[in-house]
$ cat target20.cif   # mmCIF, C-alpha atoms
data_input
loop_
_atom_site.label_atom_id
_atom_site.label_comp_id
_atom_site.auth_asym_id
_atom_site.auth_seq_id
_atom_site.Cartn_x
_atom_site.Cartn_y
_atom_site.Cartn_z
CA MET X 1161 0.00 0.00 0.00
CA LYS X 1162 0.96 3.68 -0.04
CA ALA X 1163 0.59 6.15 2.81
CA ILE X 1164 1.54 9.64 3.92
CA LYS X 1165 4.64 9.60 6.10
CA VAL X 1166 5.79 12.50 8.23
CA VAL X 1167 9.48 13.04 7.47
CA GLY X 1168 10.78 16.05 9.37
CA ASP X 1169 8.69 19.00 8.23
CA GLU X 1170 7.55 17.23 5.06
CA LEU X 1171 4.71 14.89 4.18
CA GLN X 1172 5.69 12.19 1.71
CA TRP X 1173 3.32 9.90 -0.21
CA GLU X 1174 5.28 6.67 -0.51
CA PRO X 1175 5.10 2.88 -0.16
CA ALA X 1176 4.25 1.65 3.32
CA GLU X 1177 3.86 -1.69 5.01
CA ALA X 1178 0.26 -2.87 4.97
CA PRO X 1179 -1.24 -4.50 8.08
CA ALA X 1180 -0.33 -8.17 7.72
CA GLU X 1181 -3.31 -9.61 9.58
CA LEU X 1182 -7.04 -9.04 9.62
CA PRO X 1183 -8.04 -9.58 13.26
CA GLU X 1184 -11.32 -11.05 14.35
CA GLY X 1185 -14.10 -8.47 14.28
CA HIS X 1186 -12.21 -6.14 11.92
CA VAL X 1187 -12.71 -4.92 8.36
CA ARG X 1188 -10.12 -4.04 5.73
CA ILE X 1189 -11.11 -1.03 3.62
CA ASP X 1190 -9.69 0.14 0.30
CA VAL X 1191 -9.68 3.87 0.92
CA ALA X 1192 -11.27 6.25 -1.58
CA TRP X 1193 -11.37 9.45 0.50
CA THR X 1194 -10.09 10.70 3.83
CA ALA X 1195 -10.42 14.05 5.59
CA ILE X 1196 -8.25 16.49 7.49
CA ASN X 1197 -8.97 17.10 11.17
CA ARG X 1198 -7.14 19.41 13.55
CA ALA X 1199 -5.97 16.35 15.45
CA ASP X 1200 -3.92 15.48 12.35
CA LEU X 1201 -2.21 18.87 12.50
CA MET X 1202 -1.46 18.35 16.19
CA GLN X 1203 -0.11 14.84 15.62
CA ARG X 1204 2.11 16.06 12.78
CA ALA X 1205 3.50 18.74 15.13
CA GLY X 1206 4.25 16.11 17.78
CA ALA X 1207 1.62 17.39 20.20
CA TYR X 1208 -0.97 14.60 19.89
CA PRO X 1209 0.60 11.14 19.57
CA PRO X 1210 -1.66 8.21 18.64
CA PRO X 1211 -2.89 6.02 21.50
CA PRO X 1212 -0.87 2.86 22.25
CA GLY X 1213 -1.33 0.26 19.55
CA ALA X 1214 -2.84 2.66 17.01
CA SER X 1215 -1.37 3.35 13.59
CA ASP X 1216 1.06 6.26 13.48
CA ILE X 1217 -0.28 7.20 10.04
CA LEU X 1218 -2.42 10.36 10.08
CA GLY X 1219 -6.15 10.23 9.39
CA LEU X 1220 -9.19 9.72 11.63
CA GLU X 1221 -11.90 8.92 9.06
CA VAL X 1222 -12.28 7.39 5.61
CA SER X 1223 -14.76 6.26 3.03
CA GLY X 1224 -14.13 3.41 0.64
CA THR X 1225 -14.92 -0.17 -0.28
CA VAL X 1226 -14.68 -3.22 1.95
CA ALA X 1227 -11.79 -5.39 0.72
CA ALA X 1228 -12.13 -8.19 3.28
CA VAL X 1229 -13.82 -8.99 6.59
CA GLY X 1230 -12.38 -10.76 9.60
CA GLU X 1231 -13.82 -13.70 11.45
CA GLY X 1232 -17.09 -12.90 13.20
CA VAL X 1233 -18.05 -9.96 10.97
CA ARG X 1234 -21.55 -10.54 9.61
CA GLU X 1235 -22.80 -7.05 8.76
CA PHE X 1236 -20.38 -6.31 5.91
CA ASN X 1237 -19.16 -8.09 2.80
CA ALA X 1238 -16.37 -7.45 0.32
CA GLY X 1239 -17.49 -4.75 -2.12
CA ASP X 1240 -19.70 -2.84 0.31
CA GLU X 1241 -19.31 0.95 0.23
CA VAL X 1242 -18.70 2.20 3.76
CA CYS X 1243 -17.33 5.00 5.90
CA ALA X 1244 -15.40 4.55 9.11
CA LEU X 1245 -14.20 6.29 12.25
CA LEU X 1246 -10.52 5.57 12.86
CA THR X 1247 -7.95 5.90 15.63
CA GLY X 1248 -5.39 6.53 12.88
CA GLY X 1249 -4.29 5.27 9.48
CA GLY X 1250 -6.61 7.13 7.11
CA TYR X 1251 -3.98 8.80 4.93
CA ALA X 1252 -3.32 5.51 3.13
CA THR X 1253 -4.70 3.30 0.38
CA SER X 1254 -5.77 0.61 2.86
CA VAL X 1255 -6.82 0.56 6.50
CA VAL X 1256 -7.94 -2.07 9.02
CA VAL X 1257 -10.59 -0.97 11.52
CA PRO X 1258 -12.93 -2.59 14.06
CA ALA X 1259 -16.23 -3.40 12.36
CA VAL X 1260 -18.20 -1.55 15.05
CA GLN X 1261 -16.58 1.69 13.85
CA VAL X 1262 -17.75 1.11 10.27
CA LEU X 1263 -21.11 2.06 8.78
CA PRO X 1264 -22.67 1.79 5.33
CA ILE X 1265 -22.61 5.14 3.59
CA PRO X 1266 -25.91 6.99 4.07
CA LYS X 1267 -28.38 6.38 1.25
CA GLY X 1268 -28.04 9.02 -1.43
CA LEU X 1269 -24.52 10.12 -0.46
CA SER X 1270 -21.43 9.57 -2.56
CA LEU X 1271 -18.20 8.14 -1.20
CA LYS X 1272 -16.77 11.65 -1.31
CA GLU X 1273 -19.62 13.08 0.75
CA ALA X 1274 -19.51 10.16 3.18
CA ALA X 1275 -15.86 10.88 4.00
CA ALA X 1276 -16.97 14.17 5.57
CA VAL X 1277 -19.27 12.44 8.04
CA PRO X 1278 -17.74 9.99 10.57
CA GLU X 1279 -15.38 12.02 12.75
CA VAL X 1280 -17.33 15.26 12.99
CA PHE X 1281 -20.76 13.74 13.51
CA ALA X 1282 -19.40 11.19 15.99
CA THR X 1283 -17.71 14.01 17.91
CA ALA X 1284 -20.86 16.13 17.76
CA TRP X 1285 -23.11 13.33 18.98
CA LEU X 1286 -20.72 12.25 21.73
CA ASN X 1287 -20.39 15.73 23.19
CA LEU X 1288 -23.90 17.10 22.72
CA TYR X 1289 -25.96 14.07 23.69
CA ARG X 1290 -23.67 11.81 25.70
CA GLU X 1291 -21.37 14.16 27.61
CA ALA X 1292 -23.62 17.22 27.99
CA GLU X 1293 -26.85 15.16 27.92
CA LEU X 1294 -28.67 17.95 26.10
CA GLN X 1295 -32.43 17.98 26.49
CA PRO X 1296 -34.87 19.39 23.90
CA GLY X 1297 -34.94 23.17 24.06
CA GLU X 1298 -31.60 23.56 25.82
CA ARG X 1299 -29.35 26.12 24.15
CA VAL X 1300 -25.82 25.70 22.80
CA LEU X 1301 -22.92 28.12 22.45
CA LEU X 1302 -20.51 26.92 19.77
CA HIS X 1303 -17.06 28.38 19.14
CA ALA X 1304 -15.09 27.96 15.87
CA ALA X 1305 -18.49 27.31 14.39
CA ALA X 1306 -17.54 27.26 10.71
CA SER X 1307 -15.16 24.31 11.04
CA GLY X 1308 -16.06 20.86 9.78
CA LEU X 1309 -17.13 19.97 13.30
CA GLY X 1310 -18.94 23.24 13.81
CA THR X 1311 -21.06 22.89 10.68
CA ALA X 1312 -22.03 19.39 11.82
CA VAL X 1313 -22.89 20.55 15.35
CA ILE X 1314 -25.13 23.37 14.12
CA GLN X 1315 -27.14 21.05 11.91
CA LEU X 1316 -27.36 18.23 14.43
CA ALA X 1317 -28.34 20.41 17.39
CA THR X 1318 -30.90 22.31 15.33
CA ALA X 1319 -32.46 19.08 14.07
CA PHE X 1320 -32.86 17.85 17.66
CA GLY X 1321 -34.41 21.06 18.97
CA ASN X 1322 -31.36 22.75 20.51
CA PRO X 1323 -30.89 26.37 19.38
CA VAL X 1324 -27.29 27.36 18.56
CA PHE X 1325 -25.35 30.59 19.05
CA ALA X 1326 -22.27 30.49 16.80
CA THR X 1327 -19.01 32.40 17.08
CA ALA X 1328 -16.31 32.64 14.41
CA GLY X 1329 -13.80 35.17 13.11
CA ASP X 1330 -15.30 35.93 9.69
CA ASP X 1331 -18.67 37.41 8.67
CA GLU X 1332 -18.95 35.22 5.58
CA LYS X 1333 -18.41 32.11 7.67
CA LEU X 1334 -21.05 33.31 10.13
CA ALA X 1335 -23.50 33.79 7.27
CA VAL X 1336 -23.00 30.11 6.40
CA CYS X 1337 -23.62 29.22 10.06
CA GLN X 1338 -26.93 31.08 9.91
CA LYS X 1339 -27.96 29.23 6.76
CA LEU X 1340 -27.24 25.97 8.54
CA GLY X 1341 -29.52 26.92 11.44
CA ALA X 1342 -27.64 29.09 13.95
CA THR X 1343 -30.04 31.71 15.33
CA GLY X 1344 -27.38 33.78 17.08
CA ILE X 1345 -23.96 34.78 15.73
CA TRP X 1346 -20.94 36.78 16.86
CA ASN X 1347 -17.69 37.72 15.14
CA ARG X 1348 -14.93 37.21 17.71
CA ARG X 1349 -12.97 40.04 16.11
CA ASN X 1350 -15.58 42.42 17.58
CA GLY X 1351 -14.52 41.53 21.13
CA SER X 1352 -16.22 39.51 23.85
CA PHE X 1353 -19.30 37.48 22.97
CA VAL X 1354 -20.74 37.71 26.49
CA GLU X 1355 -23.26 40.56 26.11
CA ALA X 1356 -24.48 39.31 22.73
CA VAL X 1357 -25.12 35.84 24.15
CA ARG X 1358 -26.88 37.25 27.20
CA LYS X 1359 -29.22 39.25 24.96
CA TRP X 1360 -29.85 36.10 22.93
CA GLY X 1361 -31.06 34.37 26.08
CA GLY X 1362 -28.29 32.51 27.86
CA ILE X 1363 -26.71 29.10 27.37
CA ASP X 1364 -27.12 25.62 28.81
CA MET X 1365 -24.07 24.07 27.14
CA VAL X 1366 -20.86 25.35 25.54
CA LEU X 1367 -18.90 23.29 23.04
CA ASP X 1368 -15.45 24.86 23.28
CA PRO X 1369 -12.45 23.88 21.10
CA VAL X 1370 -10.57 27.02 22.18
CA GLY X 1371 -9.99 26.83 25.94
CA GLY X 1372 -7.66 29.46 27.38
CA GLY X 1373 -9.40 32.72 28.19
CA TYR X 1374 -12.65 31.55 26.63
CA ILE X 1375 -13.47 29.35 29.63
CA GLY X 1376 -14.03 32.29 31.98
CA GLU X 1377 -16.18 34.01 29.37
CA ASP X 1378 -18.15 30.80 28.83
CA GLN X 1379 -18.97 30.72 32.53
CA LYS X 1380 -20.47 34.20 32.38
CA VAL X 1381 -23.20 33.15 29.95
CA LEU X 1382 -23.99 29.71 31.40
CA ASN X 1383 -27.37 29.14 33.00
CA VAL X 1384 -27.77 27.22 36.24
CA ASP X 1385 -26.69 23.59 35.71
CA GLY X 1386 -24.80 24.64 32.59
CA ARG X 1387 -22.06 22.50 31.07
CA ILE X 1388 -18.85 23.48 29.28
CA VAL X 1389 -17.45 20.65 27.16
CA LEU X 1390 -13.81 21.36 26.34
CA ILE X 1391 -12.65 19.60 23.17
CA GLY X 1392 -9.56 21.59 22.15
CA LEU X 1393 -6.88 24.02 23.24
CA MET X 1394 -6.50 26.44 20.34
CA GLY X 1395 -6.46 29.31 22.86
CA GLY X 1396 -4.04 27.70 25.29
CA ARG X 1397 -3.88 25.24 28.18
CA ALA X 1398 -4.32 27.70 31.08
CA ALA X 1399 -7.66 29.21 32.10
CA GLU X 1400 -9.09 31.18 35.00
CA VAL X 1401 -12.19 29.52 36.41
CA ASP X 1402 -14.57 31.20 38.84
CA LEU X 1403 -15.04 28.39 41.33
CA GLY X 1404 -17.60 30.37 43.29
CA MET X 1405 -19.80 30.73 40.22
CA MET X 1406 -19.25 27.06 39.40
CA LEU X 1407 -20.37 26.07 42.87
CA VAL X 1408 -23.40 28.33 43.17
CA LYS X 1409 -24.68 27.71 39.62
CA ARG X 1410 -23.77 24.01 39.63
CA HIS X 1411 -21.66 24.38 36.49
CA ARG X 1412 -19.73 21.46 35.06
CA LEU X 1413 -16.48 21.67 33.09
CA ILE X 1414 -15.99 18.48 31.08
CA GLY X 1415 -12.87 17.52 29.17
CA SER X 1416 -13.63 15.31 26.19
CA THR X 1417 -11.69 13.55 23.44
CA LEU X 1418 -12.99 10.86 21.11
CA ARG X 1419 -9.84 9.26 19.71
CA SER X 1420 -8.59 7.55 22.88
CA ARG X 1421 -11.93 6.08 23.95
CA PRO X 1422 -12.42 2.31 23.96
CA VAL X 1423 -13.58 0.61 20.78
CA ALA X 1424 -16.84 -0.34 22.50
CA VAL X 1425 -17.66 3.30 23.21
CA LYS X 1426 -16.86 4.33 19.65
CA GLY X 1427 -19.10 1.53 18.47
CA GLU X 1428 -21.96 2.81 20.64
CA VAL X 1429 -21.54 6.30 19.22
CA MET X 1430 -21.51 4.99 15.64
CA GLN X 1431 -24.65 2.95 16.25
CA ALA X 1432 -26.36 6.03 17.67
CA LEU X 1433 -25.43 7.90 14.49
CA HIS X 1434 -26.82 5.07 12.37
CA ARG X 1435 -30.14 5.18 14.23
CA HIS X 1436 -30.60 8.91 14.67
CA VAL X 1437 -28.45 10.77 12.13
CA TRP X 1438 -28.23 8.52 9.05
CA PRO X 1439 -31.96 9.04 8.26
CA LEU X 1440 -31.45 12.82 8.41
CA LEU X 1441 -28.46 12.58 6.06
CA SER X 1442 -30.37 10.33 3.66
CA SER X 1443 -33.33 12.73 3.58
CA GLY X 1444 -31.14 15.78 3.04
CA GLN X 1445 -32.23 17.45 6.29
CA ILE X 1446 -28.54 17.38 7.30
CA VAL X 1447 -25.76 17.68 4.72
CA PRO X 1448 -22.01 17.11 5.08
CA MET X 1449 -20.37 20.48 4.48
CA ILE X 1450 -17.35 20.14 2.17
CA ASP X 1451 -15.10 23.14 1.70
CA SER X 1452 -12.64 21.66 -0.79
CA ASP X 1453 -10.83 18.52 -1.87
CA TRP X 1454 -7.19 17.90 -2.66
CA PRO X 1455 -5.22 14.94 -4.04
CA ILE X 1456 -3.49 13.00 -1.27
CA GLU X 1457 -0.13 13.97 -2.79
CA LYS X 1458 -0.92 17.59 -1.79
CA ALA X 1459 -1.77 16.76 1.81
CA ALA X 1460 0.76 19.28 3.11
CA GLU X 1461 -0.86 22.12 1.18
CA ALA X 1462 -4.30 21.04 2.34
CA MET X 1463 -3.17 20.94 5.97
CA ALA X 1464 -1.65 24.42 5.67
CA TYR X 1465 -5.02 25.63 4.34
CA VAL X 1466 -6.79 24.21 7.40
CA ALA X 1467 -4.13 25.57 9.76
CA ALA X 1468 -4.76 29.04 8.34
CA ASN X 1469 -8.49 28.73 9.15
CA LYS X 1470 -9.45 29.23 5.52
CA ASN X 1471 -12.00 26.43 5.38
CA THR X 1472 -15.73 26.46 6.02
CA GLY X 1473 -16.64 22.79 6.48
CA LYS X 1474 -14.50 19.76 5.76
CA VAL X 1475 -11.32 19.55 3.70
CA LEU X 1476 -11.03 16.17 1.97
CA LEU X 1477 -8.15 14.22 0.46
CA SER X 1478 -8.71 12.00 -2.58
CA VAL X 1479 -6.83 8.75 -2.10
CA SER X 1480 -8.00 6.69 -5.09
CA ALA X 1481 -9.82 7.71 -8.25
#

$ encode --input "target20.cif" --output "structure tokens"
Amino acid sequence: MKAIKVVGDELQWEPAEAPAELPEGHVRIDVAWTAINRADLMQRAGAYPPPPGASDILGLEVSGTVAAVGEGVREFNAGDEVCALLTGGGYATSVVVPAVQVLPIPKGLSLKEAAAVPEVFATAWLNLYREAELQPGERVLLHAAASGLGTAVIQLATAFGNPVFATAGDDEKLAVCQKLGATGIWNRRNGSFVEAVRKWGGIDMVLDPVGGGYIGEDQKVLNVDGRIVLIGLMGGRAAEVDLGMMLVKRHRLIGSTLRSRPVAVKGEVMQALHRHVWPLLSSGQIVPMIDSDWPIEKAAEAMAYVAANKNTGKVLLSVSA
């Protein structure tokens, strides 16, 4: 097989050793498309190593065709078109993944579109409805809202009756957020979002990939029993938290990552997507937002594009024609 290898500051598309075995309960996929996630940028920079036992090849999601199934796999057959959530290994022509992390592509979607689904919608579902336990009508504050994850969160939350207030650093991106369903918006370049969110009506849950100084601001707009789910550190590792406010208002600050969770948990999340989100994707009520696609040989350029915050929605890499 071929795969992207990180060699110093460069990404090289070159021959790589394919997994020799197909373990019980696993599926081998011939990869058609993969997608760039910020975790890939962090791993490339040495700040987010793969969990023990995981592939050191970049890539947390793919779409493609089942090449072979391991013992005990009954739900897939060779030739099936699928998409998959990975712990690593997506920037390659072939990947082996637990079958519980694989789903058939939603009806009506292409392999290209399906590659924009697994990681962001799994992350959205996990954090909105498993970690924060959002109830109908509860309100969400979403930072970095025009990212691939953000565009998924807006659509998912809106579909399940949770109004979204979106922040981003570009008016055009915020206009896209509004079209996707956000009913409140704020350009972070205009200063603090606190007063705008208060006028909008307050927040029950914050999905925060920024951290740093945003955490204290998040607290100021949280209702009683509000939850902050921290999923990234783009604004830094250190934050000032008002413990008195946390105590009196019964706030919760939850750290959450998807990649390092057990296979069983990832399987539960994927099955929840299949039951609750796949019908919405098939009907067109929710759509995977794709900003652009690049050949896998230009992965470095595509990653630089994402690092510069130029994308609205997912950036995909074409692995096979």

$ resolve_selection --input "target20.cif" --expression "the PyMOL selection byres ((chain X and resi 1314-1323) around 8)" --output "number ranges by chain"
X: 1284-1285, 1288, 1294-1300, 1305, 1310-1313, 1324-1325, 1337, 1340-1343, 1437, 1445-1446

$ resolve_selection --input "target20.cif" --expression "the PyMOL selection byres ((chain X and resi 1406-1414) around 8)" --output "MDAnalysis selection string"
chainID X and resid 1291 1379 1382:1390 1402:1405 1415:1416

$ resolve_selection --input "target20.cif" --expression "the PyMOL selection byres ((chain X and resi 1183) around 9)" --output "PyMOL selection string"
chain X and resi 1181-1182+1184-1187+1229-1231+1256+1258

$ atom_distance --input "target20.cif" --atom1 "CA of Ala1180 (chain X)" --atom2 "CA of Pro1455 (chain X)"
26.4 Å

$ residues_near_point --input "target20.cif" --point "(-13.4, 13.5, -0.4)" --cutoff "6 Å" --atoms "all atoms listed in the file" --output "list of chain:residue names"
X:Trp1193, X:Lys1272, X:Ala1275, X:Asp1453, X:Leu1476, X:Leu1477, X:Ser1478

$ write_last_selection --input "target20.cif" --atoms "C-alpha atoms" --output "CSV table (one decimal), in the coordinates of the input"
chain,number,residue,atom,x,y,z
X,1193,TRP,CA,-11.4,9.4,0.5
X,1272,LYS,CA,-16.8,11.6,-1.3
X,1275,ALA,CA,-15.9,10.9,4.0
X,1453,ASP,CA,-10.8,18.5,-1.9
X,1476,LEU,CA,-11.0,16.2,2.0
X,1477,LEU,CA,-8.2,14.2,0.5
X,1478,SER,CA,-8.7,12.0,-2.6

$ atom_distance --input "target20.cif" --atom1 "CA of Ile1164 (chain X)" --atom2 "CA of Lys1458 (chain X)"
10.1 Å

$ closest_residue --input "target20.cif" --among "X:Gln1172, X:Ser1443, X:Asn1347, X:Asn1197" --to "Ala1464 (chain X)" --atoms "all atoms listed in the file"
X:Asn1197

$ closest_residue --input "target20.cif" --among "X:Glu1355, X:Glu1377, X:Glu1293, X:Asp1200" --to "Glu1400 (chain X)" --atoms "all atoms listed in the file"
X:Glu1377

$ closest_residue --input "target20.cif" --among "X:Val1242, X:Ala1335, X:Val1166, X:Ala1276" --to "Ala1227 (chain X)" --atoms "all atoms listed in the file"
X:Val1242

$ residues_around --input "target20.cif" --residues "Ala1467 (chain X)" --least-positions-apart "6" --cutoff "12 Å" --atoms "only C-alpha atoms" --output "PyMOL selection string"
chain X and resi 1196-1202+1204-1205+1307+1394+1460-1461+1475

$ atom_distance --input "target20.cif" --atom1 "CA of Ser1223 (chain X)" --atom2 "CA of Ile1189 (chain X)"
8.2 Å

$ build_atoms --input "target20.cif" --residues "region 1414-1431 of chain X" --atoms "N, CA, C and O atoms" --output "PDB file, keeping the file's coordinate frame"
ATOM      1  N   ILE X1414     -16.232  19.856  31.508  1.00  0.00           N
ATOM      2  CA  ILE X1414     -15.990  18.480  31.080  1.00  0.00           C
ATOM      3  C   ILE X1414     -14.930  18.463  29.993  1.00  0.00           C
ATOM      4  O   ILE X1414     -15.082  19.118  28.960  1.00  0.00           O
ATOM      5  N   GLY X1415     -13.858  17.741  30.217  1.00  0.00           N
ATOM      6  CA  GLY X1415     -12.870  17.520  29.170  1.00  0.00           C
ATOM      7  C   GLY X1415     -13.248  16.301  28.354  1.00  0.00           C
ATOM      8  O   GLY X1415     -13.642  15.272  28.906  1.00  0.00           O
ATOM      9  N   SER X1416     -13.136  16.408  27.028  1.00  0.00           N
ATOM     10  CA  SER X1416     -13.630  15.310  26.190  1.00  0.00           C
ATOM     11  C   SER X1416     -12.776  15.146  24.940  1.00  0.00           C
ATOM     12  O   SER X1416     -12.542  16.105  24.203  1.00  0.00           O
ATOM     13  N   THR X1417     -12.299  13.930  24.707  1.00  0.00           N
ATOM     14  CA  THR X1417     -11.690  13.550  23.440  1.00  0.00           C
ATOM     15  C   THR X1417     -12.346  12.259  22.970  1.00  0.00           C
ATOM     16  O   THR X1417     -12.806  11.453  23.787  1.00  0.00           O
ATOM     17  N   LEU X1418     -12.383  12.060  21.678  1.00  0.00           N
ATOM     18  CA  LEU X1418     -12.990  10.860  21.110  1.00  0.00           C
ATOM     19  C   LEU X1418     -11.944   9.789  20.785  1.00  0.00           C
ATOM     20  O   LEU X1418     -12.167   8.596  21.016  1.00  0.00           O
ATOM     21  N   ARG X1419     -10.813  10.191  20.287  1.00  0.00           N
ATOM     22  CA  ARG X1419      -9.840   9.260  19.710  1.00  0.00           C
ATOM     23  C   ARG X1419      -9.390   8.162  20.662  1.00  0.00           C
ATOM     24  O   ARG X1419      -9.246   7.002  20.267  1.00  0.00           O
ATOM     25  N   SER X1420      -9.167   8.511  21.932  1.00  0.00           N
ATOM     26  CA  SER X1420      -8.590   7.550  22.880  1.00  0.00           C
ATOM     27  C   SER X1420      -9.633   6.707  23.603  1.00  0.00           C
ATOM     28  O   SER X1420      -9.279   5.891  24.449  1.00  0.00           O
ATOM     29  N   ARG X1421     -10.899   6.863  23.268  1.00  0.00           N
ATOM     30  CA  ARG X1421     -11.930   6.080  23.950  1.00  0.00           C
ATOM     31  C   ARG X1421     -11.902   4.624  23.493  1.00  0.00           C
ATOM     32  O   ARG X1421     -11.476   4.312  22.382  1.00  0.00           O
ATOM     33  N   PRO X1422     -12.397   3.725  24.333  1.00  0.00           N
ATOM     34  CA  PRO X1422     -12.420   2.310  23.960  1.00  0.00           C
ATOM     35  C   PRO X1422     -13.231   2.048  22.698  1.00  0.00           C
ATOM     36  O   PRO X1422     -14.173   2.795  22.385  1.00  0.00           O
ATOM     37  N   VAL X1423     -12.864   0.983  22.000  1.00  0.00           N
ATOM     38  CA  VAL X1423     -13.580   0.610  20.780  1.00  0.00           C
ATOM     39  C   VAL X1423     -15.074   0.453  21.055  1.00  0.00           C
ATOM     40  O   VAL X1423     -15.918   0.866  20.247  1.00  0.00           O
ATOM     41  N   ALA X1424     -15.425  -0.124  22.192  1.00  0.00           N
ATOM     42  CA  ALA X1424     -16.840  -0.340  22.500  1.00  0.00           C
ATOM     43  C   ALA X1424     -17.611   0.968  22.557  1.00  0.00           C
ATOM     44  O   ALA X1424     -18.753   1.059  22.079  1.00  0.00           O
ATOM     45  N   VAL X1425     -16.999   2.001  23.126  1.00  0.00           N
ATOM     46  CA  VAL X1425     -17.660   3.300  23.210  1.00  0.00           C
ATOM     47  C   VAL X1425     -17.815   3.911  21.824  1.00  0.00           C
ATOM     48  O   VAL X1425     -18.877   4.449  21.475  1.00  0.00           O
ATOM     49  N   LYS X1426     -16.770   3.820  21.019  1.00  0.00           N
ATOM     50  CA  LYS X1426     -16.860   4.330  19.650  1.00  0.00           C
ATOM     51  C   LYS X1426     -17.956   3.593  18.878  1.00  0.00           C
ATOM     52  O   LYS X1426     -18.699   4.196  18.094  1.00  0.00           O
ATOM     53  N   GLY X1427     -18.056   2.292  19.119  1.00  0.00           N
ATOM     54  CA  GLY X1427     -19.100   1.530  18.470  1.00  0.00           C
ATOM     55  C   GLY X1427     -20.496   1.994  18.889  1.00  0.00           C
ATOM     56  O   GLY X1427     -21.407   2.082  18.060  1.00  0.00           O
ATOM     57  N   GLU X1428     -20.670   2.303  20.162  1.00  0.00           N
ATOM     58  CA  GLU X1428     -21.960   2.810  20.640  1.00  0.00           C
ATOM     59  C   GLU X1428     -22.305   4.135  19.982  1.00  0.00           C
ATOM     60  O   GLU X1428     -23.458   4.386  19.605  1.00  0.00           O
ATOM     61  N   VAL X1429     -21.309   5.008  19.856  1.00  0.00           N
ATOM     62  CA  VAL X1429     -21.540   6.300  19.220  1.00  0.00           C
ATOM     63  C   VAL X1429     -21.918   6.106  17.748  1.00  0.00           C
ATOM     64  O   VAL X1429     -22.859   6.741  17.245  1.00  0.00           O
ATOM     65  N   MET X1430     -21.203   5.222  17.058  1.00  0.00           N
ATOM     66  CA  MET X1430     -21.510   4.990  15.640  1.00  0.00           C
ATOM     67  C   MET X1430     -22.896   4.399  15.454  1.00  0.00           C
ATOM     68  O   MET X1430     -23.614   4.754  14.508  1.00  0.00           O
ATOM     69  N   GLN X1431     -23.295   3.510  16.350  1.00  0.00           N
ATOM     70  CA  GLN X1431     -24.650   2.950  16.250  1.00  0.00           C
ATOM     71  C   GLN X1431     -25.712   4.015  16.519  1.00  0.00           C
ATOM     72  O   GLN X1431     -26.783   3.999  15.891  1.00  0.00           O
TER      73      GLN X1431
END
